[in-house]
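Student: I'd like to ask some things about the structure below.
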Amino acid sequence: MDGVVIEGHSSVDESMLTGEPLPVPKQPGDEVVAGTINTSGTFLYQSKRIGRDTVLAQIIEMVRKAQSSKPAIARLVDKVAGVFVPVVLIVAVLTFLAWYNFAPQLGISYAVVTTMTVLIIACPCALGLATPIAIMVGVGRAAEMGILIRNGDALQQVGRLTHVVLDKTGTVTAGKPTVTDIRVAGEESEDSLLQLAASLEQSSEHPLAESIVSAAQEKGLQLDKVEQFEALSGKGVVASLDGSRLLFGNAALMEAEGIAFDSLEAVADELAASARTPMYLARDGQLLGIIAVADPIKPDSAASIARLHRLGLKVVLLTGDNRRTAEAVAHTVGIDTVIAEVHPQDKDQVVADLQARGHIVAMVGDGINDAPALARADVGLAIGSGTDVAIESADITLMRGSLHGVADAIDLSRATVRNIKQNLFGAFIYNVLGIPVAAGVLYPFFGILLNPIIAGAAMALSSVTVVSNANRLRLYKPAGKEN
């Protein structure tokens with residue numbers, strides 16, 4: 001049973017789920033998943049999902065479907081096989097007729113033996129195994145690494161990417177912002193400014209809102225109940241409190257409402273340049289001050305993005321945050337292209353524009369606002385710690401929540417496609433070389449005929465070669481990843 005901890009503290013080994021060996025601390029409010037192991041301490045948790053609804057059951061089902069699905073290269077092989085089999089049958093008939101008509105002195109037995117030898121050695125078992133066995137092993141290895149792939153097409157497509165578009169909050173950053181600065185414009189105190197902002201934001205579900213409410217609660221500030229609350233997508237929030245109209249949001253909101261914020265604009269730019277998100281608070285058309293929130297960058301984001309660059313990909317940071325903050329984050333982690341101040345509903349259009357220029361695009365995100373872009377992208381990768389909607393919209397889910405998973409998925413995809421091509425070469429080479437020999441082209445010159453038993457052994461050996469080569473993927477280790 002999956003559930004939520006309601007009492008107690010412990011550490012849980014979640015390597016089954018994420019591939020990470022270190023136990024994860026658990027406290028009230030944290031989720032625990034069936035199949036993981038409690039390593040120390042005790043806790044009481046409330047069941048939320050059982051049986052088929054558990055994360056483990058869904059992972060098993062997702063992997064099963066992916067292993068049985070066919071990527072584009074497999075469908076191409078099916079078409080080739082559809083031509084190959086009739087051609088072999090025609091070659092077998094021509095072999096019989098050639099021996100029967102041009103070597104009658106040897107008897108019909110030679111015609112029968114050579115015909116059967118052609119059919120035996122040309123049996124396309126290895127051709128049929130080449131792709132599915134590699135897909136099955138590749139998807140299984142990905143699951144061991146905490147990468148859940150929905151279908152074979154995604155496994156093949158992710159290796160062909162040219163651009164990776166990253167959401168900022170919760171993807172490049174930790175997604176747990178905290179209040180860092182409070183700058184007052186008028187006579188209000190910092191605590192009063194925070195109390196007003198938290199009262200306003202307690203009705204919001206935005207991650208930044210949670211950080212402001214938490215900061216006010218930590219200071220023991222009493223929050224007031226607001227009325228006529230409205231969230232303005234991509235701008236901020238507005239509500240009424242004690243007859244006054246409160247606004248809290250970005251510069252676009254202040255401009256739209258005609259509120260002068262010149263007095264603190266330089267301060268806001270300074271905060272944004274240091275990767276903090278400044279938000280303006282106004283009451284009845286008068287600016288009260290700025291509250292800045294910072295979302296710490298994940299420790300491995302810079303190293304992960306460096307790996308993506310080494311793999312030959314262009315990385316784009318896509319966020320609704322203000323440009324100065326986004327550029328500061330991008331500079332820190334090594335991203336060159338920044339598209340900022342984008343409304344949630346426009347994110348998928350940015351992906352569509354990149355696709356229209358001929359790029360093969362992956363979108364990496366974790367929020368509900370990323371879901372349309374995840375669905376639009378050639379490959380959508382959802383951070384496993386994100387929302388269910390984002391995970392459901394994506395082709396690949398990264399259970400670890402680390403961007404290293406993106407580079408791992410791309411590298412594993414390329415290794416799997418390479419393995420499939422090796423398998424197909426191994427399957428065809430037996431047929432290309434073996435069929436003419438089985439038909440007896442060497443007999444007039446050297447007196448050599450292929451024994452049907454040897455042909456059967458060669459046919460079996462081609463299958464053994466394909467299966468053995470595919471199983472090398474079990475030993476795959478990500479390239480260029482620092483341990």
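Labels used: A, B, ... for chains in the order of the structure tokens, numbers from 1 for residues in each chain, and numbers from 1 for ligands as shown.
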Using DSSP on the backbone coordinates, identify all residues within segment 229-351 of chain A classified as helix (DSSP H, G or I); present the result as a ChimeraX atom specification.
Tutor: /A:251-256,262-273,301-310,323-333,344-351
Student: The selected residues should be written to file as a compact mmCIF listing (two decimals), in the first residue's frame (atoms: N, CA and C atoms).
Tutor:
```txt
# COMPACT_ATOMS: atom_id res chain seq x y z
N ALA A 251 5.88 42.80 -12.47
CA ALA A 251 5.80 44.14 -13.05
C ALA A 251 4.66 44.26 -14.06
N ALA A 252 4.36 43.17 -14.76
CA ALA A 252 3.28 43.19 -15.75
C ALA A 252 1.94 43.49 -15.09
N LEU A 253 1.74 42.97 -13.87
CA LEU A 253 0.51 43.23 -13.14
C LEU A 253 0.43 44.70 -12.75
N MET A 254 1.56 45.25 -12.28
CA MET A 254 1.58 46.66 -11.88
C MET A 254 1.30 47.56 -13.09
N GLU A 255 1.90 47.23 -14.22
CA GLU A 255 1.67 48.03 -15.43
C GLU A 255 0.22 47.95 -15.88
N ALA A 256 -0.34 46.75 -15.82
CA ALA A 256 -1.73 46.56 -16.25
C ALA A 256 -2.69 47.35 -15.36
N ASP A 262 8.37 52.68 -10.15
CA ASP A 262 9.71 53.16 -10.51
C ASP A 262 10.65 53.22 -9.30
N SER A 263 10.11 53.57 -8.13
CA SER A 263 10.94 53.76 -6.95
C SER A 263 11.67 52.49 -6.53
N LEU A 264 11.10 51.32 -6.86
CA LEU A 264 11.73 50.06 -6.47
C LEU A 264 12.16 49.21 -7.67
N GLU A 265 12.09 49.78 -8.85
CA GLU A 265 12.43 49.01 -10.06
C GLU A 265 13.91 48.60 -10.06
N ALA A 266 14.78 49.53 -9.64
CA ALA A 266 16.22 49.21 -9.60
C ALA A 266 16.50 48.12 -8.57
N VAL A 267 15.78 48.18 -7.44
CA VAL A 267 15.93 47.13 -6.41
C VAL A 267 15.47 45.78 -6.95
N ALA A 268 14.36 45.79 -7.69
CA ALA A 268 13.84 44.56 -8.27
C ALA A 268 14.83 43.97 -9.28
N ASP A 269 15.43 44.84 -10.08
CA ASP A 269 16.43 44.37 -11.06
C ASP A 269 17.64 43.76 -10.36
N GLU A 270 18.06 44.38 -9.26
CA GLU A 270 19.20 43.87 -8.51
C GLU A 270 18.90 42.49 -7.92
N LEU A 271 17.69 42.34 -7.38
CA LEU A 271 17.28 41.05 -6.82
C LEU A 271 17.19 39.99 -7.90
N ALA A 272 16.61 40.36 -9.04
CA ALA A 272 16.45 39.41 -10.15
C ALA A 272 17.80 38.97 -10.69
N ALA A 273 18.78 39.89 -10.70
CA ALA A 273 20.11 39.57 -11.21
C ALA A 273 20.82 38.55 -10.34
N SER A 301 22.25 20.21 -11.25
CA SER A 301 21.71 20.77 -12.49
C SER A 301 22.81 21.18 -13.47
N ALA A 302 23.84 21.88 -12.97
CA ALA A 302 24.91 22.35 -13.85
C ALA A 302 25.64 21.18 -14.51
N ALA A 303 25.95 20.14 -13.73
CA ALA A 303 26.64 18.97 -14.27
C ALA A 303 25.77 18.25 -15.29
N SER A 304 24.45 18.16 -15.03
CA SER A 304 23.53 17.49 -15.95
C SER A 304 23.45 18.23 -17.28
N ILE A 305 23.36 19.56 -17.21
CA ILE A 305 23.25 20.36 -18.43
C ILE A 305 24.56 20.31 -19.22
N ALA A 306 25.70 20.25 -18.52
CA ALA A 306 26.98 20.09 -19.21
C ALA A 306 27.01 18.77 -19.98
N ARG A 307 26.43 17.71 -19.41
CA ARG A 307 26.35 16.42 -20.11
C ARG A 307 25.49 16.53 -21.37
N LEU A 308 24.37 17.27 -21.27
CA LEU A 308 23.50 17.44 -22.44
C LEU A 308 24.24 18.16 -23.56
N HIS A 309 25.04 19.17 -23.19
CA HIS A 309 25.84 19.88 -24.20
C HIS A 309 26.84 18.93 -24.85
N ARG A 310 27.47 18.07 -24.04
CA ARG A 310 28.46 17.12 -24.59
C ARG A 310 27.79 16.11 -25.52
N ARG A 323 12.60 37.85 -16.64
CA ARG A 323 13.78 37.55 -17.46
C ARG A 323 15.08 37.65 -16.68
N ARG A 324 15.22 38.64 -15.82
CA ARG A 324 16.48 38.80 -15.10
C ARG A 324 16.76 37.59 -14.21
N THR A 325 15.74 37.12 -13.50
CA THR A 325 15.90 35.94 -12.64
C THR A 325 16.23 34.71 -13.47
N ALA A 326 15.49 34.53 -14.57
CA ALA A 326 15.72 33.37 -15.44
C ALA A 326 17.13 33.38 -16.01
N GLU A 327 17.59 34.56 -16.43
CA GLU A 327 18.94 34.66 -17.00
C GLU A 327 20.01 34.39 -15.95
N ALA A 328 19.76 34.81 -14.71
CA ALA A 328 20.72 34.54 -13.63
C ALA A 328 20.83 33.04 -13.37
N VAL A 329 19.68 32.35 -13.35
CA VAL A 329 19.68 30.89 -13.16
C VAL A 329 20.37 30.21 -14.34
N ALA A 330 20.04 30.65 -15.54
CA ALA A 330 20.63 30.05 -16.75
C ALA A 330 22.14 30.23 -16.76
N HIS A 331 22.61 31.41 -16.37
CA HIS A 331 24.06 31.66 -16.33
C HIS A 331 24.75 30.73 -15.33
N THR A 332 24.10 30.50 -14.20
CA THR A 332 24.68 29.65 -13.16
C THR A 332 24.83 28.21 -13.62
N VAL A 333 23.85 27.70 -14.36
CA VAL A 333 23.88 26.28 -14.75
C VAL A 333 24.41 26.05 -16.16
N PRO A 344 1.56 30.25 -18.94
CA PRO A 344 1.45 28.78 -18.96
C PRO A 344 0.83 28.23 -20.23
N GLN A 345 -0.21 28.91 -20.74
CA GLN A 345 -0.90 28.41 -21.92
C GLN A 345 -0.08 28.58 -23.20
N ASP A 346 1.03 29.35 -23.12
CA ASP A 346 1.85 29.59 -24.31
C ASP A 346 3.08 28.70 -24.39
N LYS A 347 3.32 27.90 -23.35
CA LYS A 347 4.53 27.07 -23.34
C LYS A 347 4.53 26.07 -24.49
N ASP A 348 3.36 25.47 -24.76
CA ASP A 348 3.32 24.49 -25.84
C ASP A 348 3.55 25.15 -27.20
N GLN A 349 3.22 26.46 -27.32
CA GLN A 349 3.46 27.17 -28.58
C GLN A 349 4.94 27.36 -28.80
N VAL A 350 5.70 27.58 -27.73
CA VAL A 350 7.16 27.71 -27.86
C VAL A 350 7.74 26.41 -28.40
N VAL A 351 7.27 25.28 -27.88
CA VAL A 351 7.72 23.97 -28.37
C VAL A 351 7.33 23.80 -29.84
```
Student: Would you mind listing what lies within 12 Å of Thr114 of chain A as a PDB file with C-alpha atoms, in the first residue's frame, with only C-alpha atoms counted and same-chain residues fewer than 4 positions away left out?
Tutor:
```
ATOM      1  CA  VAL A  91      15.034 -18.277 -54.425  1.00  0.00           C
ATOM      2  CA  ALA A  92      14.235 -21.748 -53.025  1.00  0.00           C
ATOM      3  CA  VAL A  93      12.005 -22.572 -56.019  1.00  0.00           C
ATOM      4  CA  LEU A  94      14.633 -21.270 -58.481  1.00  0.00           C
ATOM      5  CA  THR A  95      17.299 -23.355 -56.691  1.00  0.00           C
ATOM      6  CA  PHE A  96      15.200 -26.502 -57.117  1.00  0.00           C
ATOM      7  CA  LEU A  97      14.528 -25.770 -60.799  1.00  0.00           C
ATOM      8  CA  ALA A  98      18.189 -24.957 -61.489  1.00  0.00           C
ATOM      9  CA  TRP A  99      19.474 -28.208 -59.971  1.00  0.00           C
ATOM     10  CA  TYR A 100      16.673 -30.273 -61.508  1.00  0.00           C
ATOM     11  CA  ILE A 108      16.424 -35.046 -57.788  1.00  0.00           C
ATOM     12  CA  SER A 109      17.938 -35.588 -54.308  1.00  0.00           C
ATOM     13  CA  TYR A 110      20.451 -32.734 -54.825  1.00  0.00           C
ATOM     14  CA  VAL A 118      18.144 -22.544 -48.499  1.00  0.00           C
ATOM     15  CA  LEU A 119      14.880 -22.535 -46.510  1.00  0.00           C
ATOM     16  CA  ILE A 120      16.635 -23.571 -43.282  1.00  0.00           C
ATOM     17  CA  ILE A 121      19.456 -21.040 -43.361  1.00  0.00           C
ATOM     18  CA  GLY A 434      24.556 -18.233 -46.378  1.00  0.00           C
ATOM     19  CA  ILE A 435      21.775 -18.344 -48.997  1.00  0.00           C
ATOM     20  CA  PRO A 436      24.065 -18.376 -52.079  1.00  0.00           C
ATOM     21  CA  VAL A 437      26.254 -21.074 -50.501  1.00  0.00           C
ATOM     22  CA  ALA A 438      23.160 -23.099 -49.549  1.00  0.00           C
ATOM     23  CA  ALA A 439      21.863 -22.770 -53.127  1.00  0.00           C
ATOM     24  CA  GLY A 440      25.101 -24.393 -54.341  1.00  0.00           C
ATOM     25  CA  VAL A 441      26.900 -21.553 -56.168  1.00  0.00           C
ATOM     26  CA  LEU A 442      30.245 -22.967 -54.956  1.00  0.00           C
ATOM     27  CA  TYR A 443      29.590 -26.506 -56.233  1.00  0.00           C
ATOM     28  CA  ILE A 448      31.193 -27.750 -52.037  1.00  0.00           C
ATOM     29  CA  LEU A 449      27.593 -28.107 -50.869  1.00  0.00           C
ATOM     30  CA  LEU A 450      26.312 -26.837 -47.512  1.00  0.00           C
ATOM     31  CA  ASN A 451      25.092 -29.606 -45.223  1.00  0.00           C
ATOM     32  CA  PRO A 452      21.510 -28.963 -43.980  1.00  0.00           C
ATOM     33  CA  ILE A 453      22.686 -29.736 -40.429  1.00  0.00           C
ATOM     34  CA  ALA A 455      22.702 -24.667 -42.129  1.00  0.00           C
TER      35      ALA A 455
END
```
Student: Looking only at strand (DSSP E) from DSSP on the backbone, list the matching residues of segment 146-196 of chain A as a list in words.
Tutor: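 So the strand (DSSP E) residues in segment 146-196 of chain A would be Ile147, Leu148, Ile149, His163, Val164, Val165, Leu166, Asp167, Thr178, Val179, Thr180, Asp181, Ile182, Arg183 and Val184 of chain A.
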Student: For the residues in the current selection, export N, CA, C and O atoms as a short mmCIF file (atom, residue, chain, number, x, y, z; two decimals), in the first residue's frame.
Tutor:
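Output (out-v8.cif):
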```cif
data_model
loop_
_atom_site.label_atom_id
_atom_site.label_comp_id
_atom_site.auth_asym_id
_atom_site.auth_seq_id
_atom_site.Cartn_x
_atom_site.Cartn_y
_atom_site.Cartn_z
N ILE A 147 14.24 5.40 -14.84
CA ILE A 147 13.69 6.04 -16.04
C ILE A 147 12.58 5.15 -16.57
O ILE A 147 12.83 4.04 -17.03
N LEU A 148 11.35 5.62 -16.49
CA LEU A 148 10.20 4.83 -16.95
C LEU A 148 9.78 5.29 -18.34
O LEU A 148 9.41 6.45 -18.53
N ILE A 149 9.86 4.38 -19.30
CA ILE A 149 9.58 4.69 -20.70
C ILE A 149 8.24 4.07 -21.09
O ILE A 149 8.02 2.88 -20.88
N HIS A 163 17.03 19.48 -29.47
CA HIS A 163 16.82 20.51 -28.46
C HIS A 163 16.14 19.93 -27.22
O HIS A 163 15.24 19.09 -27.34
N VAL A 164 16.57 20.38 -26.05
CA VAL A 164 15.92 20.02 -24.79
C VAL A 164 15.43 21.31 -24.13
O VAL A 164 16.22 22.21 -23.85
N VAL A 165 14.12 21.41 -23.93
CA VAL A 165 13.52 22.58 -23.29
C VAL A 165 13.25 22.25 -21.83
O VAL A 165 12.57 21.26 -21.53
N LEU A 166 13.79 23.07 -20.92
CA LEU A 166 13.67 22.81 -19.49
C LEU A 166 12.78 23.86 -18.83
O LEU A 166 12.98 25.06 -19.01
N ASP A 167 11.80 23.39 -18.07
CA ASP A 167 11.09 24.29 -17.17
C ASP A 167 12.06 24.66 -16.05
O ASP A 167 13.01 23.92 -15.77
N THR A 178 12.00 29.97 -0.94
CA THR A 178 11.93 30.59 0.38
C THR A 178 12.05 32.11 0.23
O THR A 178 12.66 32.61 -0.71
N VAL A 179 11.44 32.82 1.17
CA VAL A 179 11.51 34.29 1.16
C VAL A 179 12.92 34.72 1.56
O VAL A 179 13.44 34.29 2.59
N THR A 180 13.53 35.59 0.76
CA THR A 180 14.90 36.04 1.03
C THR A 180 14.99 37.53 1.38
O THR A 180 15.85 37.93 2.15
N ASP A 181 14.12 38.35 0.78
CA ASP A 181 14.21 39.80 0.98
C ASP A 181 12.82 40.41 1.07
O ASP A 181 11.89 39.99 0.38
N ILE A 182 12.71 41.44 1.93
CA ILE A 182 11.49 42.25 2.01
C ILE A 182 11.94 43.71 1.97
O ILE A 182 12.69 44.17 2.84
N ARG A 183 11.52 44.45 0.94
CA ARG A 183 11.89 45.86 0.78
C ARG A 183 10.62 46.71 0.85
O ARG A 183 9.69 46.51 0.05
N VAL A 184 10.60 47.66 1.77
CA VAL A 184 9.41 48.48 2.01
C VAL A 184 9.50 49.78 1.22
O VAL A 184 10.55 50.42 1.18
#
```
Student: With only C-alpha atoms as the basis for distance, which of A:Ile133, A:Asn431, A:Asp242, A:Glu7 is at the shortest distance from Val85 of chain A?
Tutor: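 Residue with the minimum atom-to-atom distance to Val85 of chain A: A:Asn431.
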Student: Which residue, A:Leu473, A:Ala260, A:Leu461, A:Leu241, has the smallest gap to Ile420 of chain A when you use only C-alpha atoms?
Tutor: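 Counting only C-alpha atoms, the residue closest to Ile420 of chain A is A:Leu473.
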Student: Quick one: of A:Ala134, A:Ala340, A:Ala111, A:Met399, who's nearest to Asn423 of chain A, counting only C-alpha atoms?
Tutor: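 Nearest to Asn423 of chain A: A:Ala134.
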Student: Choose the residue, out of A:Ile429, A:Leu221, A:Leu155, A:Leu317, that has the smallest atom-to-atom separation from Ala409 of chain A; count only C-alpha atoms.
Tutor: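 The shortest atom-to-atom distance to Ala409 of chain A comes from A:Leu155.
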